[in-house]
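Accompanying notes for the structure given below.
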Amino acid sequence: MDALKRQAAARALEQVQDGMKLGLGTGSTAKHFVELLGEKVAAGMKITGVPTSEATRALAAACGVPLTTLDEVDRLDLTVDGADEVDAALDLIKGGGGALLREKIVAAASDRMIVIADDSKWVDVLGRFPLPVEVMPFGLAATQGAIIRAFAESGVSGQMEVRKAKDGHVFVTDGGHWIIDAHLGRINDPPRLAGSLSLIPGVVEHGLFIGLASTAILAGAQGIRVVERR
């Protein structure tokens with residue numbers, strides 16, 4: 001599986017040109033991209049990266065990738081990131097690693113977003129992977145109630161749980177928020193659910209990435225498959 005992820009990352013790297021400003025994703029597949037990008041930089045390629053998490057920032061720095069922020073540059077040429085699920089419309093579920101807020105900010109500030117993944121992430125219908133919803137700790141019960149109502153209005157339901165870190169304490173994002181993971185099974189209308197969740201005051205962001213990805217590069221046993229947004 002790790003070899004497949006690296007193949008997808010290597011194919012995405014072919015889209016990177018000298019002088020580009022890049023969004024650098026978070027997660028196991030994006031890690032391969034950052035490492036391979038570091039090799040290109042060492043060989044003389046001139047690029048600048050904006051990391052989507054503190055973990056990616058540390059990795060990119062260790063790999064010698066020059067970094068900036070969206071305060072210094074307001075538009076990126078390309079973001080390369082992984083996904084927890086990808087459907088035929090190239091809508092995504094992201095946030096399994098907890099970086100969904102920064103990932104979405106960076107993706108939205110990019111001219112293009114390439115998703116890199118092994119082909120197990122390709123699904124007919126989003127929702128098998130629990131949907132992360134990043135929330136403010138303040139007023140959590142009220143926010144959860146509003147989320148349940150949004151689910152009902154969108155025709156989905158399922159168990160919700162506040163994400164825990166490996167030490168058993170509540171997982172805290174880089175932005176200081178909590179994450180609710182919603183086990184929905186099937187999301188038949190992702191754009192509708194995304195819109196409903198975005199209207200809830202206590203919801204900081206959600207893991208439905210609608211209309212952001214332009215290309216998906218999927219690596220499997222049969223080789224690389226490239227899917228472009230229709």
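Ligands are numbered from 1 in the order shown, chains are lettered A, B, ... in the order of the structure tokens, and residues start at 1 in each chain.
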query = Near Ala141 in chain A, within 12 Å and counting only C-alpha atoms, which residues show up once chain neighbours fewer than 5 positions away are dropped, as a list in words?
reply = Val135, Met136, Ala146, Ile147, Ile148, Met160, Glu161, Val162, Ile180, Gly202 and Val203 of chain A
Take the residues that were just selected and, keeping C-alpha atoms, output them as an mmCIF file, in the first residue's frame.
data_model
loop_
_atom_site.group_PDB
_atom_site.id
_atom_site.type_symbol
_atom_site.label_atom_id
_atom_site.label_comp_id
_atom_site.auth_asym_id
_atom_site.auth_seq_id
_atom_site.Cartn_x
_atom_site.Cartn_y
_atom_site.Cartn_z
ATOM 1 C CA VAL A 135 -16.344 22.131 16.052
ATOM 2 C CA MET A 136 -15.837 24.682 18.793
ATOM 3 C CA ALA A 146 -27.883 21.229 15.217
ATOM 4 C CA ILE A 147 -25.708 18.678 13.412
ATOM 5 C CA ILE A 148 -28.283 15.944 14.047
ATOM 6 C CA MET A 160 -21.452 10.618 16.371
ATOM 7 C CA GLU A 161 -18.442 10.601 18.658
ATOM 8 C CA VAL A 162 -15.919 13.182 19.764
ATOM 9 C CA ILE A 180 -16.847 14.975 15.815
ATOM 10 C CA GLY A 202 -20.545 25.961 16.182
ATOM 11 C CA VAL A 203 -19.216 24.083 13.157
#
ask   = Which polymer residues have any atom within 7 Å of an atom of Glu85 in chain A, counting only C-alpha atoms, with same-chain residues fewer than 3 positions away left out, as a PyMOL selection string?
value = chain A and resi 92-93+121-123+126+129
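Each of A:Leu218, A:Gly175, A:Val125, A:Ala150 was compared to Ala88 in chain A using only C-alpha atoms, and A:Val125 turns out to be the nearest.
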Residue among A:Val156, A:Val204, A:Ala107, A:Val50 lying closest to Asp189 in chain A, counting only C-alpha atoms = A:Val156
message = Run DSSP on the backbone and tell me which residues of range 53-180 of chain A come out as helix (DSSP H, G or I); list them as a VMD selection string.
response = chain A and resid 54 to 62 100 to 108 119 to 121 140 to 153
inquiry  = Calculated over only C-alpha atoms, which of the candidates A:Ser110, A:Asn188, A:Ser157, A:Ser120 has the smallest distance to Ile217 in chain A?
reply    = A:Ser120
request  = Enumerate as number ranges by chain all residues of range 34-171 of chain A assigned to strand (DSSP E) by DSSP on the backbone, naming them with the chain letters and numbers the document uses.
outcome  = A: 48-51, 78-81, 85-86, 92-93, 113-118, 131-135, 159-162
Prev. selection, N, CA and C atoms, output as a compact mmCIF listing (two decimals), in the first residue's frame:
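And here is the file that came out, out-v9.txt:
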# COMPACT_ATOMS: atom_id res chain seq x y z
N THR A 48 7.81 27.12 -3.91
CA THR A 48 7.51 27.54 -2.54
C THR A 48 6.27 26.79 -2.10
N GLY A 49 6.26 26.30 -0.86
CA GLY A 49 5.13 25.52 -0.37
C GLY A 49 4.42 26.17 0.79
N VAL A 50 3.12 25.92 0.86
CA VAL A 50 2.32 26.31 2.02
C VAL A 50 1.81 25.01 2.67
N PRO A 51 2.25 24.69 3.88
CA PRO A 51 1.84 23.44 4.52
C PRO A 51 0.44 23.54 5.11
N LEU A 78 -1.14 25.25 -7.26
CA LEU A 78 -1.55 23.85 -7.17
C LEU A 78 -1.46 23.37 -5.73
N THR A 79 -2.44 22.60 -5.30
CA THR A 79 -2.35 21.86 -4.04
C THR A 79 -2.37 20.37 -4.34
N VAL A 80 -1.51 19.63 -3.68
CA VAL A 80 -1.50 18.17 -3.79
C VAL A 80 -1.75 17.61 -2.40
N ASP A 81 -2.80 16.81 -2.28
CA ASP A 81 -3.20 16.31 -0.97
C ASP A 81 -3.84 14.93 -1.12
N GLU A 85 -11.78 9.49 1.15
CA GLU A 85 -12.68 8.93 0.15
C GLU A 85 -12.76 9.87 -1.04
N VAL A 86 -12.91 9.30 -2.23
CA VAL A 86 -13.10 10.06 -3.48
C VAL A 86 -14.24 9.40 -4.24
N LEU A 92 -14.95 14.75 -2.06
CA LEU A 92 -14.07 14.04 -1.14
C LEU A 92 -14.60 14.05 0.28
N ILE A 93 -14.18 13.04 1.05
CA ILE A 93 -14.15 13.15 2.50
C ILE A 93 -12.69 13.22 2.91
N MET A 113 -6.43 21.50 -7.56
CA MET A 113 -6.15 20.56 -6.49
C MET A 113 -6.06 19.16 -7.09
N ILE A 114 -4.94 18.51 -6.86
CA ILE A 114 -4.75 17.12 -7.26
C ILE A 114 -4.83 16.25 -6.02
N VAL A 115 -5.70 15.24 -6.07
CA VAL A 115 -5.82 14.28 -4.98
C VAL A 115 -4.99 13.05 -5.33
N ILE A 116 -4.16 12.61 -4.42
CA ILE A 116 -3.36 11.40 -4.62
C ILE A 116 -3.76 10.37 -3.58
N ALA A 117 -3.97 9.13 -4.02
CA ALA A 117 -4.45 8.09 -3.11
C ALA A 117 -4.22 6.72 -3.72
N ASP A 118 -4.25 5.70 -2.88
CA ASP A 118 -4.35 4.35 -3.40
C ASP A 118 -5.81 4.10 -3.78
N LEU A 131 -17.42 10.83 8.68
CA LEU A 131 -17.29 12.23 8.27
C LEU A 131 -16.79 13.07 9.44
N PRO A 132 -15.62 13.71 9.32
CA PRO A 132 -15.14 14.59 10.39
C PRO A 132 -15.83 15.95 10.32
N VAL A 133 -16.25 16.43 11.47
CA VAL A 133 -16.83 17.77 11.58
C VAL A 133 -16.06 18.50 12.68
N GLU A 134 -15.35 19.55 12.30
CA GLU A 134 -14.54 20.30 13.26
C GLU A 134 -15.42 21.32 13.95
N VAL A 135 -15.40 21.31 15.28
CA VAL A 135 -16.34 22.13 16.05
C VAL A 135 -15.62 22.91 17.15
N GLN A 159 -24.22 7.33 14.18
CA GLN A 159 -23.60 7.61 15.47
C GLN A 159 -22.53 8.68 15.34
N MET A 160 -22.49 9.59 16.32
CA MET A 160 -21.45 10.62 16.37
C MET A 160 -20.61 10.41 17.62
N GLU A 161 -19.32 10.69 17.49
CA GLU A 161 -18.44 10.60 18.66
C GLU A 161 -17.36 11.66 18.57
N VAL A 162 -17.02 12.23 19.71
CA VAL A 162 -15.92 13.18 19.76
C VAL A 162 -14.62 12.40 19.63
Contacts of Gly211 in chain A at 9 Å (only C-alpha atoms; same-chain gap of 6+ positions) as a PDB file with C-alpha atoms, in the first residue's frame:
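Wrote around.pdb, looks like this:
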ATOM      1  CA  ALA A  89     -17.697  13.584  -9.049  1.00  0.00           C
ATOM      2  CA  LEU A  90     -14.282  14.051  -7.371  1.00  0.00           C
ATOM      3  CA  ASP A  91     -16.022  15.131  -4.187  1.00  0.00           C
ATOM      4  CA  LEU A  92     -14.067  14.037  -1.138  1.00  0.00           C
ATOM      5  CA  PRO A 191     -23.374  19.050  -1.611  1.00  0.00           C
ATOM      6  CA  ARG A 229     -13.366  16.387 -13.088  1.00  0.00           C
TER       7      ARG A 229
END
Could you give me, as a tab-separated table, every range 47-146 of chain A residue with an atom at most 12 Å from range 12-26 of chain A, plus its closest atom pair and distance in Å to one decimal, counting only C-alpha atoms, rows ordered by chain then number?
residue	atom	partner	partner_atom	distance
A:Ile47	CA	A:Gly19	CA	4.9
A:Thr48	CA	A:Lys21	CA	4.9
A:Gly49	CA	A:Leu22	CA	4.6
A:Val50	CA	A:Gly23	CA	4.8
A:Pro51	CA	A:Leu24	CA	4.7
A:Thr52	CA	A:Gly25	CA	5.5
A:Ser53	CA	A:Thr26	CA	6.4
A:Glu54	CA	A:Thr26	CA	9.1
A:Ala55	CA	A:Thr26	CA	7.5
A:Thr56	CA	A:Thr26	CA	5.9
A:Arg57	CA	A:Leu24	CA	8.6
A:Ala58	CA	A:Thr26	CA	11.2
A:Leu59	CA	A:Thr26	CA	10.0
A:Ala60	CA	A:Leu24	CA	8.5
A:Ala61	CA	A:Leu24	CA	11.7
A:Val65	CA	A:Leu24	CA	10.2
A:Pro66	CA	A:Lys21	CA	10.0
A:Leu67	CA	A:Leu22	CA	9.3
A:Thr68	CA	A:Lys21	CA	9.0
A:Thr69	CA	A:Gly23	CA	9.6
A:Leu70	CA	A:Gly23	CA	9.7
A:Glu72	CA	A:Lys21	CA	11.2
A:Val73	CA	A:Lys21	CA	8.5
A:Asp74	CA	A:Lys21	CA	10.1
A:Arg75	CA	A:Lys21	CA	8.0
A:Leu76	CA	A:Lys21	CA	5.1
A:Asp77	CA	A:Lys21	CA	5.4
A:Leu78	CA	A:Leu22	CA	5.1
A:Thr79	CA	A:Gly23	CA	4.0
A:Val80	CA	A:Gly25	CA	5.8
A:Asp81	CA	A:Gly25	CA	4.1
A:Gly82	CA	A:Gly25	CA	6.7
A:Ala83	CA	A:Thr26	CA	9.3
A:Asp84	CA	A:Thr26	CA	11.4
A:Lys94	CA	A:Thr26	CA	10.0
A:Gly95	CA	A:Thr26	CA	9.2
A:Gly96	CA	A:Thr26	CA	9.9
A:Gly97	CA	A:Thr26	CA	7.3
A:Gly98	CA	A:Thr26	CA	9.0
A:Ala99	CA	A:Thr26	CA	6.9
A:Leu100	CA	A:Thr26	CA	9.0
A:Leu101	CA	A:Thr26	CA	11.3
A:Arg102	CA	A:Gly25	CA	9.2
A:Glu103	CA	A:Gly25	CA	6.6
A:Lys104	CA	A:Gly25	CA	9.9
A:Ile105	CA	A:Gly23	CA	9.8
A:Val106	CA	A:Gly23	CA	6.1
A:Ala107	CA	A:Gly23	CA	7.1
A:Ala108	CA	A:Gly23	CA	10.1
A:Ala109	CA	A:Gly23	CA	8.7
A:Ser110	CA	A:Gly23	CA	7.4
A:Asp111	CA	A:Leu22	CA	9.9
A:Arg112	CA	A:Gly23	CA	9.7
A:Met113	CA	A:Gly23	CA	8.6
A:Ile114	CA	A:Ala12	CA	7.1
A:Val115	CA	A:Ala12	CA	8.4
A:Ile116	CA	A:Ala12	CA	7.2
A:Ala117	CA	A:Ala12	CA	10.5
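The space between CA of Asp119 in chain A and CA of Ala8 in chain A spans 9.7 Å.
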message = I'd like to know which of A:Leu208, A:Ala219, A:Ala10, A:Leu37 is closest to Ser196 in chain A, using only C-alpha atoms.
response = A:Leu208
ask   = What gap, in Å, lies between CA of Ser214 in chain A and CA of Asp87 in chain A?
value = 12.3 Å
Atomic distance CA of Phe138 in chain A - CA of Gly176 in chain A, expressed in Å with one decimal = 11.5 Å
Long-range neighbours of Arg6 in chain A as number ranges by chain, 9 Å cut-off, only C-alpha atoms, 5 positions minimum in chain = A: 1, 11, 29-33, 36, 117, 219
Minimum-distance residue to Gly155 in chain A, chosen among A:Pro130, A:Pro190, A:Gly64, A:Gly223 (using only C-alpha atoms) = A:Pro190
